[in-house]
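Visitor: Here it is: the structure, laid out below.
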Number of protein chains: 2
Amino acid sequence: MIQIAIMGLGTVGTGVAKVVAENARQIERKLGEPLQVKTILVRHFKDGPYRQLMTDDFTKIEEDHAIRVVVETIGGVEAAYEYTKRALNAGKHVVTANKQLVAEKGAELLALAKKRGVNYLFEASVGGGIPVLHPLTQCMAANRIDEVYGILNGTTNYILTRMVRAGTTFADALKEAQEKGYAEADPTADVEGVDAGRKICILADLAFGCQVDPADVPMEGISRLSLRDVKIAQRAGYRVKLLGRAVRLPGGRTAYVAPHLIPEEQPLASVDDVFNAVVVRGNATGEVMFYGQGAGELPTASACVADVMEALQSSPRREEIGWEADPAGFEDPQALRSRYYFRIGGSLSAAAAAFGQVEILSEDGGETAFLTDCISGAEAGKQAEGLRVLACLRVLG
Amino acid sequence: MIQIAIMGLGTVGTGVAKVVAENARQIERKLGEPLQVKTILVRHFKDGPYRQLMTDDFTKIEEDHAIRVVVETIGGVEAAYEYTKRALNAGKHVVTANKQLVAEKGAELLALAKKRGVNYLFEASVGGGIPVLHPLTQCMAANRIDEVYGILNGTTNYILTRMVRAGTTFADALKEAQEKGYAEADPTADVEGVDAGRKICILADLAFGCQVDPADVPMEGISRLSLRDVKIAQRAGYRVKLLGRAVRLPGGRTAYVAPHLIPEEQPLASVDDVFNAVVVRGNATGEVMFYGQGAGELPTASACVADVMEALQSSPRREEIGWEADPAGFEDPQALRSRYYFRIGGSLSAAAAAFGQVEILSEDGGETAFLTDCISGAEAGKQAEGLRVLACLRVLG
């Protein structure tokens with residue numbers, strides 16, 4: 001019998017308890033022993049099936065030598081950070097779905113875990129139930145990873161899908177998402193690209209082996225995205241998607257979050273609703289894509305439980321899950337070159353005067369929408385200086 | 001310095017040598033030591049960059065204690081089977097891309113590896129460079145896997161894509177594929193579904209934990225597929241794809257290979273050209289899809305090298321990569337229920353007389369194409385008994 005603890009009994013924490021109970025037979029077959037949730041740390045006691053396992057005293061977990069793995073689903077940094085350090089120091093493996101903590105403190109916590117001879121695993125922090133981090137670090141270990149990008153946030157993807165399919169405005173689509181439980185009452189972290197930004201930091205950390213500090217990563221969400229641009233793009237054969245993107249550069253690396261135009265024939269373009277997808281480009285494998293439900297109680301929880309099993313089975317000396325704490329070598333994504341979509345107040349001749357040859361997508365009511373040639377972000381900004389820019393989006397690929 | 005051997009210097013074997021050299025820095029960073037190919041077993045010596053590493057004497061590998069991992073890329077059963085057993089018995093890890101050997105002898109070789117305290121790994125045998133087997137067994141370990149299906153063969157997917165996009169017949173598309181090097185001179189194993197069949201056996205073995213014998217698995221290819229049916233399906237909003245499919249049943253499991261109609265809004269429907277995609281349905285994660293290049297020198301080789309690294313880093317007691325040798329509990333896929341596509345020589349009234357309510361797709365020149373309700377394969381066969389059946393295909397989902 002292997003005993004574990006859960007910290008936090010929100011959506012994911014409850015899901016972990018459910019998966020451990022519901023799939024007990026599968027888990028035991030693979031682990032060779034049954035797995036049991038012994039203790040659950042909560043702030044406030046509440047009635048329910050797990051009442052007898054609850055404690056509000058962390059030392060009950062910290063000092064219990066029978067507990068070998070702690071699943072942290074508190075979220076945020078403060079308490080989660082404190083308890084994770086103490087659990088690792090107590091010689092327990094820690095598993096988490098907490099993307100903020102991993103993005104901000106991952107290098108430090110991984111170093112501590114290594115020092116204590118235990119594992120710190122976080123597959124569930126990116127892509128929920130979709131296997132992404134292990135395939136990236138392990139199955140693609142013989143590749144030089146050159147780029148990772150993807151649809152990393154289900155809430156914004158649902159909103160964008162509604163804008164495309166039903167012609168709903170951002171504000172109305174957000175309201176719908178909130179009614180369906182896909183968006184939180186305060187949707188800021190989702191719609192402003194912060195959630196996707198934390199995930200792309202973790203992907204960049206693992207792909208390139210060096211810390212990417214979330215504070216360095218430009219994050220642009222979809223709250224200022226106009227339905228007009230979504231429709232113009234769609235008519236021209238593009239879908240607008242919010243992407244997190246991390247790219248290896250000759251001397252370093254960069255990462256950012258922003259809405260992009262994606263050609264409709266690309267697999268990512270048809271990833272709709274709350275689904276997520278991550279594309280990894282390795283120098284040997286080419287592009288590989290992982291697709292599925294990026295959130296939700298049971299998918300995310302099952303990724304945590306798989307990490308529990310992984311922590312118990314593998315030694316903690318796996319170098320591939322880890323990265324250098326030094327964030328040096330991070331560059332501004334403005335250096336990246338791509339085509340740009342612009343909508344300006346003005347005529348085609350104004351656009352052509354600023355950018356030379358452009359591909360016109362729409363000319364209507366004194367506004368012109370067009371695609372530029374492949375240029376850097378810095379060039380795009382400079383060349384557009386004299387124009388009245390109403391929208392500016394990168395084109396993928 | 002960790003030394004390995006390669007057996008067989010065809011496409012994949014050569015790729016392994018290239019990946020080890022080209023990505024030496026990435027590999028060393030993760031492994032903590034450099035990796036080196038010491039010996040390559042060939043049947044006939046040939047000139048080239050690896051001439052000095054070649055031997056035609058297996059004992060030079062078997063008896064060399066410095067060689068810790070052997071990569072088997074000979075293919076087929078006979079010599080590959082013999083040398084794999086001897087390498088495992090000599091205490092060496094064995095890594096392979098040989099789907100035929102794993103499908104037919106996997107249970108035995110895994111048991112032998114376990115007995116000798118070494119690993120037998122074969123990520124490259126399914127999906128080439130796409131991570132599939134590790135994510136299935138490890139990241140989804142806390143799931144009960146209920147179904148696995150996918151586009152497992154790039155050659156047939158290329159042919160089907162040409163039939164849909166350019167209206168090419170099967171015979172002409174096959175010729176094109178051979179000219180492009182996507183199909184072999186003898187394309188039987190690809191076009192008759194045997195290659196996909198071996199891969200679905202391996203996926204079923206891992207998903208359900210029991211041996212699925214390739215000889216039990218009905219394999220239908222695309223060589224008898226008519227362009228007419230591809231076109232009718234396309235006009236009705238479906239794509240025809242060759243699928244391998246394995247399903248958990250109440251008392252057991254089943255698996256088969258056959259062309260299917262796939263609704264065009266499903267992600268699999270837009271997997272074109274030589275790309276592969278595998279969908280895994282877990283009871284917690286729901287459907288998860290893995291997509292990428294399913295073959296090719298460097299993608300497949302990089303999966304082998306990742307397994308070499310995995311073999312060196314992990315203990316061989318991982319129960320999740322393994323299955324019972326007993327093939328009991330395999331059932332005929334005729335029991336599975338789905339909608340069916342039929343094209344018959346005869347009228348709609350003949351179709352309706354046999355199947356009751358049907359959805360008509362085309363009625364032309366004395367032929368009628370239609371979709372049935374959801375019925376079992378046995379029912380489909382029985383109800384069609386009096387009809388002149390020109391085509392019969394399952395509909396997915």
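Order determines the names: the first chain of the structure tokens is A, the second B, and so forth; residues in each chain are numbered 1 upward, and ligands are numbered 1 upward as they are shown.
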I'd like the contact shell of A:Ser349 - 12 Å cut-off, only C-alpha atoms, skipping same-chain residues fewer than 3 positions apart - returned as a PDB file with C-alpha atoms, in the first residue's frame.
Guide:
```
ATOM      1  CA  ILE A 344      -5.457  50.518 -41.046  1.00  0.00           C
ATOM      2  CA  GLY A 345      -7.615  53.573 -41.356  1.00  0.00           C
ATOM      3  CA  GLY A 346      -6.566  54.553 -44.844  1.00  0.00           C
ATOM      4  CA  ALA A 352       1.781  50.207 -50.106  1.00  0.00           C
ATOM      5  CA  ALA A 353       3.660  53.426 -49.398  1.00  0.00           C
ATOM      6  CA  ALA A 354       4.576  52.100 -45.940  1.00  0.00           C
ATOM      7  CA  PHE A 355       5.205  48.407 -46.697  1.00  0.00           C
ATOM      8  CA  GLY A 356       5.834  48.159 -50.433  1.00  0.00           C
ATOM      9  CA  GLN A 357       4.239  45.060 -51.913  1.00  0.00           C
ATOM     10  CA  VAL A 358       1.268  43.895 -49.740  1.00  0.00           C
ATOM     11  CA  ILE A 360      -4.812  43.067 -49.808  1.00  0.00           C
ATOM     12  CA  GLU A 363     -10.905  47.478 -48.491  1.00  0.00           C
ATOM     13  CA  GLY A 366     -12.011  53.854 -45.540  1.00  0.00           C
ATOM     14  CA  GLU A 367     -10.244  50.884 -43.925  1.00  0.00           C
ATOM     15  CA  THR A 368      -7.768  48.538 -45.544  1.00  0.00           C
ATOM     16  CA  ALA A 369      -6.733  45.100 -44.298  1.00  0.00           C
ATOM     17  CA  PHE A 370      -3.621  43.519 -45.780  1.00  0.00           C
ATOM     18  CA  LEU A 387      -0.260  54.844 -40.408  1.00  0.00           C
TER      19      LEU A 387
END
```
Visitor: Need the shell around B:Val118: protein/DNA/RNA residues with any atom at most 10 Å away, counting only C-alpha atoms. Skip same-chain ones fewer than 5 positions apart. Format as a list of chain:residue names?
Guide: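 Counting only C-alpha atoms, the residues come to B:Arg68, B:Val69, B:Leu88, B:Asn89, B:Ala90, B:Gly91, B:Lys92, B:His93, B:Val94, B:Leu110, B:Leu112, B:Ala113, B:Ala311, B:Leu312, B:Ser314, B:Ser315, B:Pro316, B:Arg317.
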Visitor: Quick one: which chain A residues come within 7 Å of chain B, and what is the nearest atom pair for each with the distance in Å to one decimal, counting only C-alpha atoms, rows ordered by chain and ascending number, as a tab-separated table?
Guide:
```
residue	atom	partner	partner_atom	distance
A:Asn23	CA	B:Asn143	CA	6.4
A:Gln26	CA	B:Arg144	CA	6.3
A:Ile27	CA	B:Ala142	CA	5.8
A:Lys30	CA	B:Glu320	CA	5.2
A:Gly129	CA	B:Thr285	CA	5.3
A:Ile130	CA	B:Val288	CA	6.2
A:Pro131	CA	B:Cys139	CA	5.7
A:Pro135	CA	B:Pro131	CA	5.9
A:Gln138	CA	B:Ala306	CA	6.6
A:Cys139	CA	B:Ala306	CA	5.5
A:Met140	CA	B:Ala306	CA	6.3
A:Ala141	CA	B:Ala306	CA	5.3
A:Ala142	CA	B:Ala306	CA	5.2
A:Asn143	CA	B:Asn23	CA	6.4
A:Arg144	CA	B:Gln26	CA	6.3
A:Ala284	CA	B:Leu298	CA	5.0
A:Thr285	CA	B:Pro299	CA	4.0
A:Glu287	CA	B:Gly292	CA	6.1
A:Val288	CA	B:Gly292	CA	4.5
A:Met289	CA	B:Tyr291	CA	4.9
A:Phe290	CA	B:Phe290	CA	4.9
A:Tyr291	CA	B:Met289	CA	4.9
A:Gly292	CA	B:Val288	CA	4.5
A:Leu298	CA	B:Ala284	CA	5.0
A:Pro299	CA	B:Thr285	CA	4.0
A:Ser302	CA	B:Ala142	CA	5.5
A:Ala303	CA	B:Cys139	CA	6.3
A:Val305	CA	B:Ala142	CA	5.9
A:Ala306	CA	B:Ala142	CA	5.2
A:Ser314	CA	B:Ser314	CA	6.5
A:Glu319	CA	B:Lys30	CA	5.3
A:Glu320	CA	B:Lys30	CA	5.2
```
Visitor: So which bits of stretch 210-337 of chain B end up helix (DSSP H, G or I) when you DSSP the backbone, as a ChimeraX atom specification?
Guide: /B:214-216,227-235,267-270,297-313,333-335
Visitor: When DSSP is applied to the backbone of this structure, which of stretch 205-363 of chain A are assigned strand (DSSP E or B)? Write them out as a PyMOL selection string.
Guide: chain A and resi 210+219+238-249+252-263+275-282+286-293+324+330+337-338+340-345+359-363
Visitor: List as a list in words the protein and nucleic acid residues near B:Arg235, meaning an atom at most 12 Å away when only C-alpha atoms are counted, but skip any in the same chain fewer than 3 places from it.
Guide: Val164, Arg228, Asp229, Val230, Lys231, Ile232, Tyr238, Arg239, Val240, Leu261, Pro263, Glu264, Leu361, Ser362 and Ala369 of chain B
Visitor: For B:Ala87, list every protein, DNA or RNA residue within 12 Å, evaluated using only C-alpha atoms, and leave out those in the same chain fewer than 3 positions away; present the list as an NGL selection string.
Guide: :B and (4-7 or 58-65 or 67-72 or 79-84 or 90-95 or 109 or 112-113 or 116 or 118-120)
Visitor: Take atom CA of B:Gly117 and atom CA of B:Pro214 and report the distance between them in Å, one decimal.
Guide: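 Computed distance, atom CA of B:Gly117 to atom CA of B:Pro214, equals 27.5 Å.
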